[in-house]
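Structure file start36.pdb (PDB, C-alpha atoms) follows.
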MODEL        1
ATOM      1  CA  MET A   1      21.208  17.847  -2.571
ATOM      2  CA  ASP A   2      19.890  15.523   0.107
ATOM      3  CA  ASP A   3      16.130  15.690   0.240
ATOM      4  CA  ALA A   4      15.384  12.185   1.475
ATOM      5  CA  LEU A   5      12.059  11.324   3.032
ATOM      6  CA  ASP A   6      12.120   9.724   6.480
ATOM      7  CA  ILE A   7       9.070   7.538   6.826
ATOM      8  CA  ALA A   8       8.434   4.813   9.409
ATOM      9  CA  GLY A   9      12.142   4.624  10.196
ATOM     10  CA  VAL A  10      13.334   4.311   6.588
ATOM     11  CA  ARG A  11      15.019   6.945   4.414
ATOM     12  CA  LEU A  12      13.688   7.099   0.874
ATOM     13  CA  ASP A  13      15.232   8.999  -2.018
ATOM     14  CA  SER A  14      12.123   8.520  -4.138
ATOM     15  CA  ARG A  15       8.953  10.332  -3.105
ATOM     16  CA  LEU A  16       6.812   8.293  -5.462
ATOM     17  CA  ILE A  17       5.179   5.201  -3.988
ATOM     18  CA  MET A  18       3.786   3.030  -6.737
ATOM     19  CA  GLY A  19       1.006   0.546  -6.155
ATOM     20  CA  THR A  20       0.867  -2.698  -8.079
ATOM     21  CA  GLY A  21      -2.887  -2.919  -8.709
ATOM     22  CA  GLY A  22      -4.405  -2.953 -12.175
ATOM     23  CA  ALA A  23      -1.410  -4.060 -14.255
ATOM     24  CA  THR A  24      -2.175  -6.279 -17.236
ATOM     25  CA  SER A  25       0.876  -8.471 -16.725
ATOM     26  CA  LEU A  26       3.638  -8.962 -14.199
ATOM     27  CA  ALA A  27       6.250  -8.182 -16.846
ATOM     28  CA  THR A  28       4.681  -4.769 -17.621
ATOM     29  CA  LEU A  29       4.305  -4.108 -13.914
ATOM     30  CA  GLU A  30       7.966  -4.835 -13.297
ATOM     31  CA  GLU A  31       8.992  -2.537 -16.132
ATOM     32  CA  ALA A  32       6.766   0.245 -14.762
ATOM     33  CA  LEU A  33       8.034  -0.194 -11.196
ATOM     34  CA  VAL A  34      11.618   0.133 -12.374
ATOM     35  CA  ALA A  35      10.796   3.173 -14.555
ATOM     36  CA  SER A  36       9.020   4.877 -11.635
ATOM     37  CA  GLY A  37      12.120   4.638  -9.453
ATOM     38  CA  THR A  38       9.919   3.733  -6.514
ATOM     39  CA  GLN A  39      11.449   2.194  -3.403
ATOM     40  CA  VAL A  40       8.126   1.234  -1.834
ATOM     41  CA  THR A  41       5.205  -0.497  -3.442
ATOM     42  CA  THR A  42       1.819  -1.568  -2.177
ATOM     43  CA  VAL A  43       0.449  -5.081  -2.443
ATOM     44  CA  ALA A  44      -2.856  -6.652  -1.498
ATOM     45  CA  ILE A  45      -3.187  -9.735   0.701
ATOM     46  CA  ARG A  46      -5.278 -12.502  -0.843
ATOM     47  CA  ARG A  47      -5.719 -16.250  -0.750
ATOM     48  CA  TYR A  48      -2.748 -18.129  -2.136
ATOM     49  CA  ALA A  49      -4.749 -19.949  -4.806
ATOM     50  CA  ALA A  50      -6.485 -16.776  -6.017
ATOM     51  CA  ALA A  51      -3.198 -14.879  -6.070
ATOM     52  CA  GLY A  52      -1.692 -17.518  -8.354
ATOM     53  CA  GLY A  53       1.076 -18.385  -5.889
ATOM     54  CA  ASN A  54       3.587 -15.907  -4.565
ATOM     55  CA  SER A  55       4.945 -14.508  -7.822
ATOM     56  CA  VAL A  56       4.378 -10.866  -6.765
ATOM     57  CA  PHE A  57       6.275 -11.426  -3.510
ATOM     58  CA  ALA A  58       9.120 -13.021  -5.462
ATOM     59  CA  MET A  59       9.236 -10.076  -7.876
ATOM     60  CA  LEU A  60       9.478  -7.501  -5.053
ATOM     61  CA  GLU A  61      12.275  -9.514  -3.457
ATOM     62  CA  ARG A  62      14.116  -9.540  -6.768
ATOM     63  CA  LEU A  63      13.693  -5.773  -7.250
ATOM     64  CA  GLY A  64      14.631  -4.976  -3.648
ATOM     65  CA  VAL A  65      11.557  -2.780  -3.213
ATOM     66  CA  HIS A  66       9.934  -2.379   0.232
ATOM     67  CA  ALA A  67       6.520  -4.026   0.292
ATOM     68  CA  LEU A  68       3.717  -2.003   1.835
ATOM     69  CA  PRO A  69       0.828  -4.455   2.256
ATOM     70  CA  ASN A  70      -2.652  -2.990   2.267
ATOM     71  CA  THR A  71      -5.972  -3.905   3.831
ATOM     72  CA  ALA A  72      -7.922  -3.227   0.630
ATOM     73  CA  GLY A  73     -11.363  -4.783   0.595
ATOM     74  CA  CYS A  74     -11.890  -4.418   4.353
ATOM     75  CA  PHE A  75     -15.081  -2.733   5.521
ATOM     76  CA  THR A  76     -14.617  -3.188   9.266
ATOM     77  CA  ALA A  77     -11.819  -2.541  11.740
ATOM     78  CA  ARG A  78     -11.942  -6.239  12.685
ATOM     79  CA  ASP A  79     -11.247  -7.422   9.123
ATOM     80  CA  ALA A  80      -8.548  -4.800   8.656
ATOM     81  CA  VAL A  81      -6.740  -5.847  11.836
ATOM     82  CA  LEU A  82      -6.788  -9.545  10.837
ATOM     83  CA  THR A  83      -5.546  -8.693   7.329
ATOM     84  CA  ALA A  84      -2.752  -6.571   8.808
ATOM     85  CA  GLN A  85      -1.699  -9.397  11.110
ATOM     86  CA  LEU A  86      -1.614 -11.842   8.185
ATOM     87  CA  ALA A  87       0.358  -9.346   6.112
ATOM     88  CA  ARG A  88       2.922  -8.947   8.884
ATOM     89  CA  GLU A  89       3.338 -12.699   9.153
ATOM     90  CA  ALA A  90       3.523 -13.273   5.380
ATOM     91  CA  LEU A  91       5.754 -10.371   4.360
ATOM     92  CA  GLU A  92       7.750  -9.961   7.571
ATOM     93  CA  THR A  93       7.040  -6.240   7.827
ATOM     94  CA  ASP A  94       5.343  -4.065  10.432
ATOM     95  CA  TRP A  95       4.224  -1.657   7.732
ATOM     96  CA  ILE A  96       0.567  -1.609   6.815
ATOM     97  CA  LYS A  97      -1.401   0.605   4.479
ATOM     98  CA  LEU A  98      -4.642   0.776   6.401
ATOM     99  CA  GLU A  99      -7.731   0.973   4.209
ATOM    100  CA  VAL A 100     -11.138   0.596   5.797
ATOM    101  CA  VAL A 101     -13.706   1.658   3.263
ATOM    102  CA  ALA A 102     -17.402   2.397   3.656
ATOM    103  CA  ASP A 103     -18.848   1.037   0.420
ATOM    104  CA  GLU A 104     -17.958  -0.347  -2.999
ATOM    105  CA  ASP A 105     -19.194   2.629  -5.005
ATOM    106  CA  THR A 106     -17.075   5.343  -3.414
ATOM    107  CA  LEU A 107     -14.344   3.244  -1.765
ATOM    108  CA  LEU A 108     -14.081   6.211   0.587
ATOM    109  CA  PRO A 109     -12.698   5.552   4.063
ATOM    110  CA  ASP A 110     -15.125   4.909   6.913
ATOM    111  CA  PRO A 111     -13.760   7.383   9.482
ATOM    112  CA  MET A 112     -14.981   5.553  12.603
ATOM    113  CA  GLU A 113     -13.734   2.110  11.595
ATOM    114  CA  LEU A 114     -10.488   3.624  10.286
ATOM    115  CA  LEU A 115      -9.700   5.355  13.564
ATOM    116  CA  THR A 116     -10.568   2.257  15.599
ATOM    117  CA  ALA A 117      -8.352   0.042  13.435
ATOM    118  CA  ALA A 118      -5.490   2.571  13.451
ATOM    119  CA  ASP A 119      -5.577   2.728  17.229
ATOM    120  CA  GLU A 120      -5.502  -1.086  17.588
ATOM    121  CA  LEU A 121      -2.750  -1.572  15.021
ATOM    122  CA  VAL A 122      -0.488   1.108  16.502
ATOM    123  CA  ALA A 123      -0.928  -0.542  19.914
ATOM    124  CA  ASP A 124       0.016  -3.874  18.297
ATOM    125  CA  GLY A 125       3.314  -2.421  17.032
ATOM    126  CA  PHE A 126       2.445  -1.653  13.409
ATOM    127  CA  SER A 127       3.691   1.332  11.414
ATOM    128  CA  VAL A 128       0.350   2.464  10.082
ATOM    129  CA  PHE A 129       0.083   4.307   6.776
ATOM    130  CA  ALA A 130      -3.502   5.489   7.026
ATOM    131  CA  TYR A 131      -5.502   5.976   3.849
ATOM    132  CA  THR A 132      -7.947   8.705   4.809
ATOM    133  CA  ASN A 133     -10.374  11.314   3.517
ATOM    134  CA  ASP A 134      -9.162  14.811   2.655
ATOM    135  CA  ASP A 135     -10.376  15.894   6.101
ATOM    136  CA  PRO A 136      -7.832  17.848   8.167
ATOM    137  CA  ILE A 137      -9.525  16.965  11.444
ATOM    138  CA  LEU A 138      -9.564  13.226  10.771
ATOM    139  CA  ALA A 139      -5.913  13.505   9.732
ATOM    140  CA  ARG A 140      -5.184  15.101  13.110
ATOM    141  CA  ARG A 141      -7.085  12.379  14.966
ATOM    142  CA  LEU A 142      -5.076   9.718  13.122
ATOM    143  CA  GLU A 143      -1.851  11.450  14.092
ATOM    144  CA  ASP A 144      -3.044  11.548  17.689
ATOM    145  CA  VAL A 145      -3.360   7.737  17.789
ATOM    146  CA  GLY A 146       0.180   7.440  16.420
ATOM    147  CA  VAL A 147       0.076   6.608  12.710
ATOM    148  CA  ALA A 148       3.374   6.720  10.799
ATOM    149  CA  ALA A 149       1.898   8.553   7.800
ATOM    150  CA  VAL A 150      -1.362  10.213   6.836
ATOM    151  CA  MET A 151      -2.502   9.447   3.295
ATOM    152  CA  PRO A 152      -5.406  11.622   2.181
ATOM    153  CA  ALA A 153      -7.294  10.837  -1.006
ATOM    154  CA  GLY A 154      -7.124  13.408  -3.790
ATOM    155  CA  ALA A 155     -10.257  11.814  -5.255
ATOM    156  CA  PRO A 156     -11.904   8.381  -4.938
ATOM    157  CA  ILE A 157      -9.702   5.385  -5.782
ATOM    158  CA  GLY A 158      -9.353   4.686  -9.471
ATOM    159  CA  THR A 159     -11.277   7.761 -10.657
ATOM    160  CA  GLY A 160      -8.304   9.727 -11.966
ATOM    161  CA  LEU A 161     -10.154  12.928 -11.045
ATOM    162  CA  GLY A 162      -7.035  14.539  -9.596
ATOM    163  CA  ILE A 163      -7.090  16.608  -6.423
ATOM    164  CA  LEU A 164     -10.676  17.689  -5.814
ATOM    165  CA  ASN A 165      -9.983  19.795  -2.733
ATOM    166  CA  PRO A 166      -6.476  21.256  -2.955
ATOM    167  CA  HIS A 167      -7.177  23.585  -0.046
ATOM    168  CA  ASN A 168      -7.857  20.682   2.329
ATOM    169  CA  ILE A 169      -4.783  18.787   1.131
ATOM    170  CA  SER A 170      -2.706  21.890   1.738
ATOM    171  CA  MET A 171      -4.180  22.303   5.246
ATOM    172  CA  ILE A 172      -3.403  18.666   6.076
ATOM    173  CA  ALA A 173       0.183  19.030   4.818
ATOM    174  CA  GLU A 174       0.758  22.265   6.749
ATOM    175  CA  ALA A 175      -0.527  20.904  10.044
ATOM    176  CA  ALA A 176       0.972  17.417   9.881
ATOM    177  CA  ARG A 177       3.755  16.241  12.184
ATOM    178  CA  VAL A 178       4.094  12.966  10.236
ATOM    179  CA  PRO A 179       4.649  12.493   6.487
ATOM    180  CA  VAL A 180       1.625  13.204   4.296
ATOM    181  CA  VAL A 181       1.240  11.024   1.216
ATOM    182  CA  LEU A 182      -1.353  11.983  -1.394
ATOM    183  CA  ASP A 183      -3.044   8.676  -2.116
ATOM    184  CA  ALA A 184      -5.692   7.948  -4.741
ATOM    185  CA  GLY A 185      -7.243  10.056  -7.456
ATOM    186  CA  VAL A 186      -4.123  10.864  -9.466
ATOM    187  CA  GLY A 187      -4.926  10.685 -13.177
ATOM    188  CA  THR A 188      -1.936  12.241 -14.855
ATOM    189  CA  ALA A 189       1.421  13.820 -14.162
ATOM    190  CA  SER A 190       0.168  17.322 -13.319
ATOM    191  CA  ASP A 191      -1.964  15.873 -10.486
ATOM    192  CA  ALA A 192       1.148  14.337  -8.923
ATOM    193  CA  ALA A 193       3.101  17.574  -9.338
ATOM    194  CA  LEU A 194       0.267  19.558  -7.745
ATOM    195  CA  ALA A 195       0.198  17.241  -4.738
ATOM    196  CA  MET A 196       3.869  17.931  -4.125
ATOM    197  CA  GLU A 197       3.445  21.682  -4.705
ATOM    198  CA  LEU A 198       0.714  21.663  -2.055
ATOM    199  CA  GLY A 199       3.267  20.367   0.445
ATOM    200  CA  CYS A 200       2.668  16.622   0.433
ATOM    201  CA  ASP A 201       5.781  14.599   1.275
ATOM    202  CA  ALA A 202       5.090  11.878  -1.288
ATOM    203  CA  VAL A 203       2.525  10.597  -3.773
ATOM    204  CA  LEU A 204       1.067   7.093  -3.929
ATOM    205  CA  LEU A 205      -0.537   6.015  -7.185
ATOM    206  CA  ALA A 206      -1.299   2.822  -9.058
ATOM    207  CA  SER A 207      -4.069   2.969 -11.665
ATOM    208  CA  ALA A 208      -2.740   6.155 -13.280
ATOM    209  CA  VAL A 209       0.299   4.133 -14.324
ATOM    210  CA  THR A 210      -0.883   0.540 -14.529
ATOM    211  CA  ARG A 211      -3.983   1.396 -16.573
ATOM    212  CA  ALA A 212      -2.239   3.913 -18.838
ATOM    213  CA  HIS A 213      -1.802   2.978 -22.490
ATOM    214  CA  ASP A 214       1.968   2.843 -21.985
ATOM    215  CA  ALA A 215       2.506   2.022 -18.311
ATOM    216  CA  PRO A 216       6.320   2.284 -18.174
ATOM    217  CA  LEU A 217       6.248   5.658 -19.965
ATOM    218  CA  MET A 218       3.605   6.992 -17.562
ATOM    219  CA  ALA A 219       5.697   5.685 -14.655
ATOM    220  CA  ARG A 220       8.652   7.713 -15.916
ATOM    221  CA  SER A 221       6.408  10.736 -16.310
ATOM    222  CA  MET A 222       5.137  10.404 -12.720
ATOM    223  CA  ARG A 223       8.677  10.124 -11.431
ATOM    224  CA  ALA A 224       9.581  13.407 -13.132
ATOM    225  CA  ALA A 225       6.343  15.091 -11.996
ATOM    226  CA  VAL A 226       6.839  14.191  -8.344
ATOM    227  CA  GLN A 227      10.405  15.472  -8.477
ATOM    228  CA  ALA A 228       9.334  18.671 -10.269
ATOM    229  CA  GLY A 229       6.530  19.327  -7.808
ATOM    230  CA  ARG A 230       8.812  18.739  -4.850
ATOM    231  CA  ASP A 231      11.464  21.084  -6.249
ATOM    232  CA  ALA A 232       8.832  23.765  -6.931
ATOM    233  CA  TYR A 233       7.524  23.460  -3.378
ATOM    234  CA  ARG A 234      10.992  23.829  -1.909
ATOM    235  CA  ALA A 235      11.912  26.662  -4.265
ATOM    236  CA  GLY A 236       8.888  28.699  -3.146
ATOM    237  CA  ARG A 237       6.397  29.850  -5.745
ATOM    238  CA  ILE A 238       5.787  33.529  -6.454
ATOM    239  CA  PRO A 239       2.639  35.086  -5.002
ATOM    240  CA  ARG A 240      -0.403  35.292  -7.239
ATOM    241  CA  ARG A 241      -1.198  38.860  -8.372
ATOM    242  CA  SER A 242      -4.297  40.239 -10.015
ATOM    243  CA  LEU A 243      -2.433  42.685 -12.259
ATOM    244  CA  ALA A 244       0.527  42.218 -14.560
ATOM    245  CA  GLN A 245       4.023  43.024 -13.377
ATOM    246  CA  ALA A 246       6.648  43.543 -16.078
ATOM    247  CA  SER A 247       9.814  41.563 -15.753
ATOM    248  CA  SER A 248      11.727  43.794 -18.193
ATOM    249  CA  PRO A 249      13.075  47.151 -16.870
ATOM    250  CA  ASP A 250      11.201  50.384 -17.494
ATOM    251  CA  GLU A 251      14.427  52.379 -17.647
ATOM    252  CA  GLY A 252      15.987  52.904 -21.090
ATOM    253  CA  ARG A 253      12.842  52.234 -23.078
ATOM    254  CA  ILE A 254      12.776  53.790 -26.526
ATOM    255  CA  GLY A 255       9.648  55.286 -27.960
ATOM    256  CA  VAL A 256       8.347  57.850 -30.417
ATOM    257  CA  SER A 257       7.013  60.902 -28.500
TER     258      SER A 257
ATOM    259  CA  MET B   1     -15.386 -38.643   4.417
ATOM    260  CA  THR B   2     -13.272 -41.777   4.291
ATOM    261  CA  ALA B   3     -11.836 -43.560   7.327
ATOM    262  CA  GLY B   4      -8.659 -42.008   8.637
ATOM    263  CA  THR B   5      -9.354 -38.625   7.114
ATOM    264  CA  ILE B   6     -10.891 -35.381   8.261
ATOM    265  CA  SER B   7     -12.487 -32.647   6.220
ATOM    266  CA  ILE B   8     -11.152 -29.093   6.318
ATOM    267  CA  VAL B   9     -11.793 -25.967   4.263
ATOM    268  CA  LEU B  10      -8.433 -25.074   2.758
ATOM    269  CA  ASP B  11      -8.250 -21.721   0.960
ATOM    270  CA  GLY B  12     -12.012 -21.824   0.525
ATOM    271  CA  GLN B  13     -12.121 -25.392  -0.883
ATOM    272  CA  GLU B  14     -13.331 -28.426   1.048
ATOM    273  CA  THR B  15     -10.359 -30.778   1.307
ATOM    274  CA  HIS B  16      -9.725 -34.163   2.948
ATOM    275  CA  VAL B  17      -6.519 -34.659   4.899
ATOM    276  CA  SER B  18      -5.285 -37.564   7.016
ATOM    277  CA  THR B  19      -6.358 -37.586  10.624
ATOM    278  CA  GLY B  20      -3.514 -36.207  12.695
ATOM    279  CA  SER B  21      -2.209 -33.983   9.873
ATOM    280  CA  THR B  22      -0.306 -30.960  11.081
ATOM    281  CA  LEU B  23      -0.651 -27.485   9.712
ATOM    282  CA  ARG B  24       2.950 -27.637   8.533
ATOM    283  CA  GLU B  25       2.347 -30.735   6.375
ATOM    284  CA  THR B  26      -0.850 -29.320   4.966
ATOM    285  CA  ILE B  27       0.637 -25.919   4.105
ATOM    286  CA  ALA B  28       3.783 -27.453   2.602
ATOM    287  CA  ARG B  29       1.656 -29.584   0.266
ATOM    288  CA  HIS B  30      -0.559 -26.613  -0.614
ATOM    289  CA  ILE B  31       2.270 -24.252  -1.559
ATOM    290  CA  GLU B  32       4.457 -27.053  -2.936
ATOM    291  CA  ARG B  33       7.471 -26.181  -0.787
ATOM    292  CA  GLU B  34       9.114 -28.263   1.886
ATOM    293  CA  LEU B  35       9.097 -26.572   5.299
ATOM    294  CA  ASP B  36      11.293 -27.197   8.306
ATOM    295  CA  ALA B  37      10.002 -27.469  11.881
ATOM    296  CA  ALA B  38      10.200 -23.679  12.266
ATOM    297  CA  GLY B  39       7.971 -23.262   9.211
ATOM    298  CA  ALA B  40      10.796 -21.913   7.035
ATOM    299  CA  PRO B  41      11.207 -23.172   3.452
ATOM    300  CA  VAL B  42      14.114 -25.632   3.140
ATOM    301  CA  ASP B  43      14.912 -24.078  -0.270
ATOM    302  CA  GLY B  44      16.349 -21.122   1.668
ATOM    303  CA  GLY B  45      13.968 -18.545   0.162
ATOM    304  CA  ARG B  46      11.564 -16.402   2.115
ATOM    305  CA  LEU B  47       8.173 -17.921   2.782
ATOM    306  CA  GLY B  48       5.857 -15.073   1.784
ATOM    307  CA  VAL B  49       2.661 -16.665   3.095
ATOM    308  CA  ALA B  50       0.636 -16.461   6.286
ATOM    309  CA  VAL B  51      -2.027 -18.739   7.702
ATOM    310  CA  ALA B  52      -5.199 -18.203   9.693
ATOM    311  CA  VAL B  53      -7.185 -21.054  11.239
ATOM    312  CA  ASP B  54     -10.812 -20.128  11.853
ATOM    313  CA  GLY B  55      -9.935 -16.450  11.540
ATOM    314  CA  MET B  56      -6.967 -16.457  13.916
ATOM    315  CA  VAL B  57      -3.397 -16.003  12.694
ATOM    316  CA  VAL B  58      -1.175 -19.002  13.458
ATOM    317  CA  PRO B  59       2.533 -18.001  13.395
ATOM    318  CA  ARG B  60       4.665 -20.241  11.165
ATOM    319  CA  GLY B  61       6.686 -21.423  14.160
ATOM    320  CA  ASP B  62       3.533 -23.048  15.568
ATOM    321  CA  TRP B  63       2.544 -24.971  12.418
ATOM    322  CA  HIS B  64       4.627 -28.029  13.252
ATOM    323  CA  ASP B  65       2.767 -28.702  16.506
ATOM    324  CA  HIS B  66      -0.660 -27.669  15.257
ATOM    325  CA  VAL B  67      -2.768 -30.769  14.568
ATOM    326  CA  LEU B  68      -5.779 -29.973  12.432
ATOM    327  CA  ALA B  69      -9.245 -30.610  13.803
ATOM    328  CA  ASP B  70     -12.159 -31.755  11.667
ATOM    329  CA  GLY B  71     -14.100 -28.924  10.020
ATOM    330  CA  VAL B  72     -11.629 -26.074  10.538
ATOM    331  CA  ALA B  73     -11.148 -23.345   7.945
ATOM    332  CA  VAL B  74      -7.511 -22.831   6.963
ATOM    333  CA  ASP B  75      -6.782 -19.688   4.988
ATOM    334  CA  VAL B  76      -3.403 -19.295   3.303
ATOM    335  CA  VAL B  77      -2.608 -15.801   2.054
ATOM    336  CA  THR B  78       0.156 -14.085   0.145
ATOM    337  CA  ALA B  79       0.859 -10.799  -1.605
ATOM    338  CA  THR B  80      -0.853 -10.049  -4.884
ATOM    339  CA  GLN B  81      -1.229  -6.981  -7.082
ATOM    340  CA  GLY B  82      -3.081  -4.192  -5.320
ATOM    341  CA  GLY B  83      -3.125  -0.435  -4.818
TER     342      GLY B  83
ENDMDL
END
Translate the structure of the given file into structure tokens.
Amino acid sequence: MDDALDIAGVRLDSRLIMGTGGATSLATLEEALVASGTQVTTVAIRRYAAAGGNSVFAMLERLGVHALPNTAGCFTARDAVLTAQLAREALETDWIKLEVVADEDTLLPDPMELLTAADELVADGFSVFAYTNDDPILARRLEDVGVAAVMPAGAPIGTGLGILNPHNISMIAEAARVPVVLDAGVGTASDAALAMELGCDAVLLASAVTRAHDAPLMARSMRAAVQAGRDAYRAGRIPRRSLAQASSPDEGRIGVS
Amino acid sequence: MTAGTISIVLDGQETHVSTGSTLRETIARHIERELDAAGAPVDGGRLGVAVAVDGMVVPRGDWHDHVLADGVAVDVVTATQGG
């Protein structure tokens, strides 16, 4: 059954986007990426010397995975725009995961800087994947400036706290005219499944896999969870009831009267 | 600074290069890959790096004609692990 995701002009069979941050070694990362089945993966843009050459770029080329460069570490729209322009030049892609965070402790998006940067980057021809708060109104504003995808946080980056406000995530997914990708906060498989059940189009996660005891096994688990959550969403869950409702027939019961 | 050289900040490190050095020569030495006049690696692979001079992106096609001035900051970036 064809249930591909159209995002920024590309059709993806996998609805799991795996980030590359936090892995202990490139070999483990590669194994986890393959196990996750992901077709898109995020990378950071850093100085050549600090990055230890372009081994990550070479690995993504070898795996044939789309690179989604991010603007992690940017606190202002100005820095984010420069990082995006460098990413486009280095990786030959118009895709950018736009992160403009407010401070180091929360790593939560700064709404004003985010919107300013999104507006500039869309005007400059980028397909902007906007990492945002779980705020339905900000999500709408981002759509209005023309982002390719809205990516609300389930919880702050790296916390593994899951989806702290499922109602807001659901509202964002219902209202969105562009793909919604739950990004950040996923700790374990059930969080990823919940995101999909709430109507998200995809899940983006990194730490939950790369920092797990067995990264490739967790990657496989996330792949299954995203698929299960997506199937459950499409199948349509039963309504919640306050009282029990028997599933076995009343008729033909035996009993001692 | 010795005669015939200028000082630049390359990837955050103060570095001396010959006066008249182009961005293409400097980047090729830094990433240890030979680059053609269009800034493409002669090994046929994809480049995977980008360059900013004093905070402005310089497209690879312009590196060949870009002569470095004394004191400029040249940042060379690539992809690394990140969420």
Using only C-alpha atoms, which chain A residues lie at most 9 Å away from chain B, written as number ranges by chain?
A: 18-23, 26, 41-58, 61, 69-70, 72, 82, 85-92, 157, 184, 204-207
What is the CA of Ala38 in chain B to CA of Arg62 in chain A distance in Å?
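According to the coordinates, CA of Ala38 in chain B and CA of Arg62 in chain A are separated by 24.0 Å.
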Pick from B:Leu68, B:Ser7, B:Val17, B:Ala28, whichever lies nearest to Val42 in chain B using all atoms listed in the file:
B:Ala28
Please provide the set of residues having any atom within 10 Å of Asp65 in chain B, restricted to all atoms listed in the file, with same-chain residues fewer than 5 positions apart removed, written as a list in words.
Ser21, Thr22, Leu23, Arg24, Ala37 and Ala38 of chain B
Can you spit out the residues from that selection as a compact mmCIF listing (two decimals), keeping the file's coordinate frame, using C-alpha atoms?
# COMPACT_ATOMS: atom_id res chain seq x y z
CA SER B 21 -2.21 -33.98 9.87
CA THR B 22 -0.31 -30.96 11.08
CA LEU B 23 -0.65 -27.48 9.71
CA ARG B 24 2.95 -27.64 8.53
CA ALA B 37 10.00 -27.47 11.88
CA ALA B 38 10.20 -23.68 12.27
What is the distance between CA of Ser242 in chain A and CA of Ile172 in chain A, in Å to one decimal?
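So the answer is 26.9 Å.
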Selection near Val100 in chain A, 9 Å with all atoms listed in the file, sequence-local residues under 6 positions removed, as number ranges by chain:
A: 71-77, 79-80, 107-111, 113-114, 117, 131-132
Using only C-alpha atoms, which residue out of B:Val53, B:Ile6, B:Pro41, B:Glu14 lies closest to Arg29 in chain B?
B:Pro41
Could you give me, as a list of chain:residue names, the residues that have an atom at most 9 Å away from the point (0.0, 16.0, 8.8) in the coordinates of the file, using all atoms listed in the file?
A:Pro136, A:Ala139, A:Arg140, A:Glu143, A:Ala149, A:Val150, A:Met151, A:Met171, A:Ile172, A:Ala173, A:Glu174, A:Ala175, A:Ala176, A:Arg177, A:Val178, A:Pro179, A:Val180, A:Cys200
Can you work out the spacing between CA of Pro156 in chain A and CA of Met218 in chain A in Å, to one decimal?
20.0 Å
Hey, what's within 9 Å of Leu63 in chain A if we count only C-alpha atoms and toss same-chain stuff fewer than 3 positions away? As a ChimeraX atom specification, please?
/A:30,33-34,58-60
Residues near Pro216 in chain A, cut-off 6 Å, all atoms listed in the file, skip fewer than 6 positions along chain, as a ChimeraX atom specification:
/A:31-32,35
Could you please take those selected residues and save C-alpha atoms as a CSV table (one decimal), in the frame of the given file?
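Produced file again_20.csv, reproduced below:
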chain,number,residue,atom,x,y,z
A,31,GLU,CA,9.0,-2.5,-16.1
A,32,ALA,CA,6.8,0.2,-14.8
A,35,ALA,CA,10.8,3.2,-14.6
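Evaluated on this file, the PyMOL selection byres ((chain B and resi 73) around 6) matches Ile8, Val9, Val53, Asp54, Val72 and Val74 of chain B.
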Find the residues near range 122-128 of chain A: any atom within 9 Å, counting only C-alpha atoms, skip ones fewer than 2 places away on the same chain, and give them as a list in words.
Ala8, Ala84, Arg88, Thr93, Asp94, Trp95, Ile96, Lys97, Leu98, Ala117, Ala118, Asp119, Glu120, Ala130, Val145, Gly146, Val147, Ala148, Ala149 and Val150 of chain A
Missing atoms of range 153-163 of chain A rebuilt to N, CA and C atoms, written as a PDB file, in the coordinates of the input:
ATOM      1  N   ALA A 153      -6.900  11.068   0.378  1.00  0.00           N
ATOM      2  CA  ALA A 153      -7.294  10.837  -1.006  1.00  0.00           C
ATOM      3  C   ALA A 153      -7.427  12.169  -1.729  1.00  0.00           C
ATOM      4  N   GLY A 154      -6.882  12.240  -2.945  1.00  0.00           N
ATOM      5  CA  GLY A 154      -7.124  13.408  -3.790  1.00  0.00           C
ATOM      6  C   GLY A 154      -8.524  13.332  -4.364  1.00  0.00           C
ATOM      7  N   ALA A 155      -8.932  12.117  -4.713  1.00  0.00           N
ATOM      8  CA  ALA A 155     -10.257  11.814  -5.255  1.00  0.00           C
ATOM      9  C   ALA A 155     -10.469  10.318  -5.017  1.00  0.00           C
ATOM     10  N   PRO A 156     -11.702   9.814  -5.177  1.00  0.00           N
ATOM     11  CA  PRO A 156     -11.904   8.381  -4.938  1.00  0.00           C
ATOM     12  C   PRO A 156     -10.960   7.493  -5.766  1.00  0.00           C
ATOM     13  N   ILE A 157     -10.632   6.356  -5.189  1.00  0.00           N
ATOM     14  CA  ILE A 157      -9.702   5.385  -5.782  1.00  0.00           C
ATOM     15  C   ILE A 157     -10.092   5.049  -7.222  1.00  0.00           C
ATOM     16  N   GLY A 158      -9.143   5.134  -8.102  1.00  0.00           N
ATOM     17  CA  GLY A 158      -9.353   4.686  -9.471  1.00  0.00           C
ATOM     18  C   GLY A 158     -10.095   5.650 -10.372  1.00  0.00           C
ATOM     19  N   THR A 159     -10.498   6.830  -9.823  1.00  0.00           N
ATOM     20  CA  THR A 159     -11.277   7.761 -10.657  1.00  0.00           C
ATOM     21  C   THR A 159     -10.393   8.604 -11.565  1.00  0.00           C
ATOM     22  N   GLY A 160      -9.163   8.855 -11.167  1.00  0.00           N
ATOM     23  CA  GLY A 160      -8.304   9.727 -11.966  1.00  0.00           C
ATOM     24  C   GLY A 160      -8.802  11.163 -12.033  1.00  0.00           C
ATOM     25  N   LEU A 161      -9.578  11.574 -11.030  1.00  0.00           N
ATOM     26  CA  LEU A 161     -10.154  12.928 -11.045  1.00  0.00           C
ATOM     27  C   LEU A 161      -9.188  13.982 -10.511  1.00  0.00           C
ATOM     28  N   GLY A 162      -8.021  13.567 -10.083  1.00  0.00           N
ATOM     29  CA  GLY A 162      -7.035  14.539  -9.596  1.00  0.00           C
ATOM     30  C   GLY A 162      -7.278  14.918  -8.144  1.00  0.00           C
ATOM     31  N   ILE A 163      -6.934  16.155  -7.805  1.00  0.00           N
ATOM     32  CA  ILE A 163      -7.090  16.608  -6.423  1.00  0.00           C
ATOM     33  C   ILE A 163      -8.316  17.512  -6.352  1.00  0.00           C
TER      34      ILE A 163
END
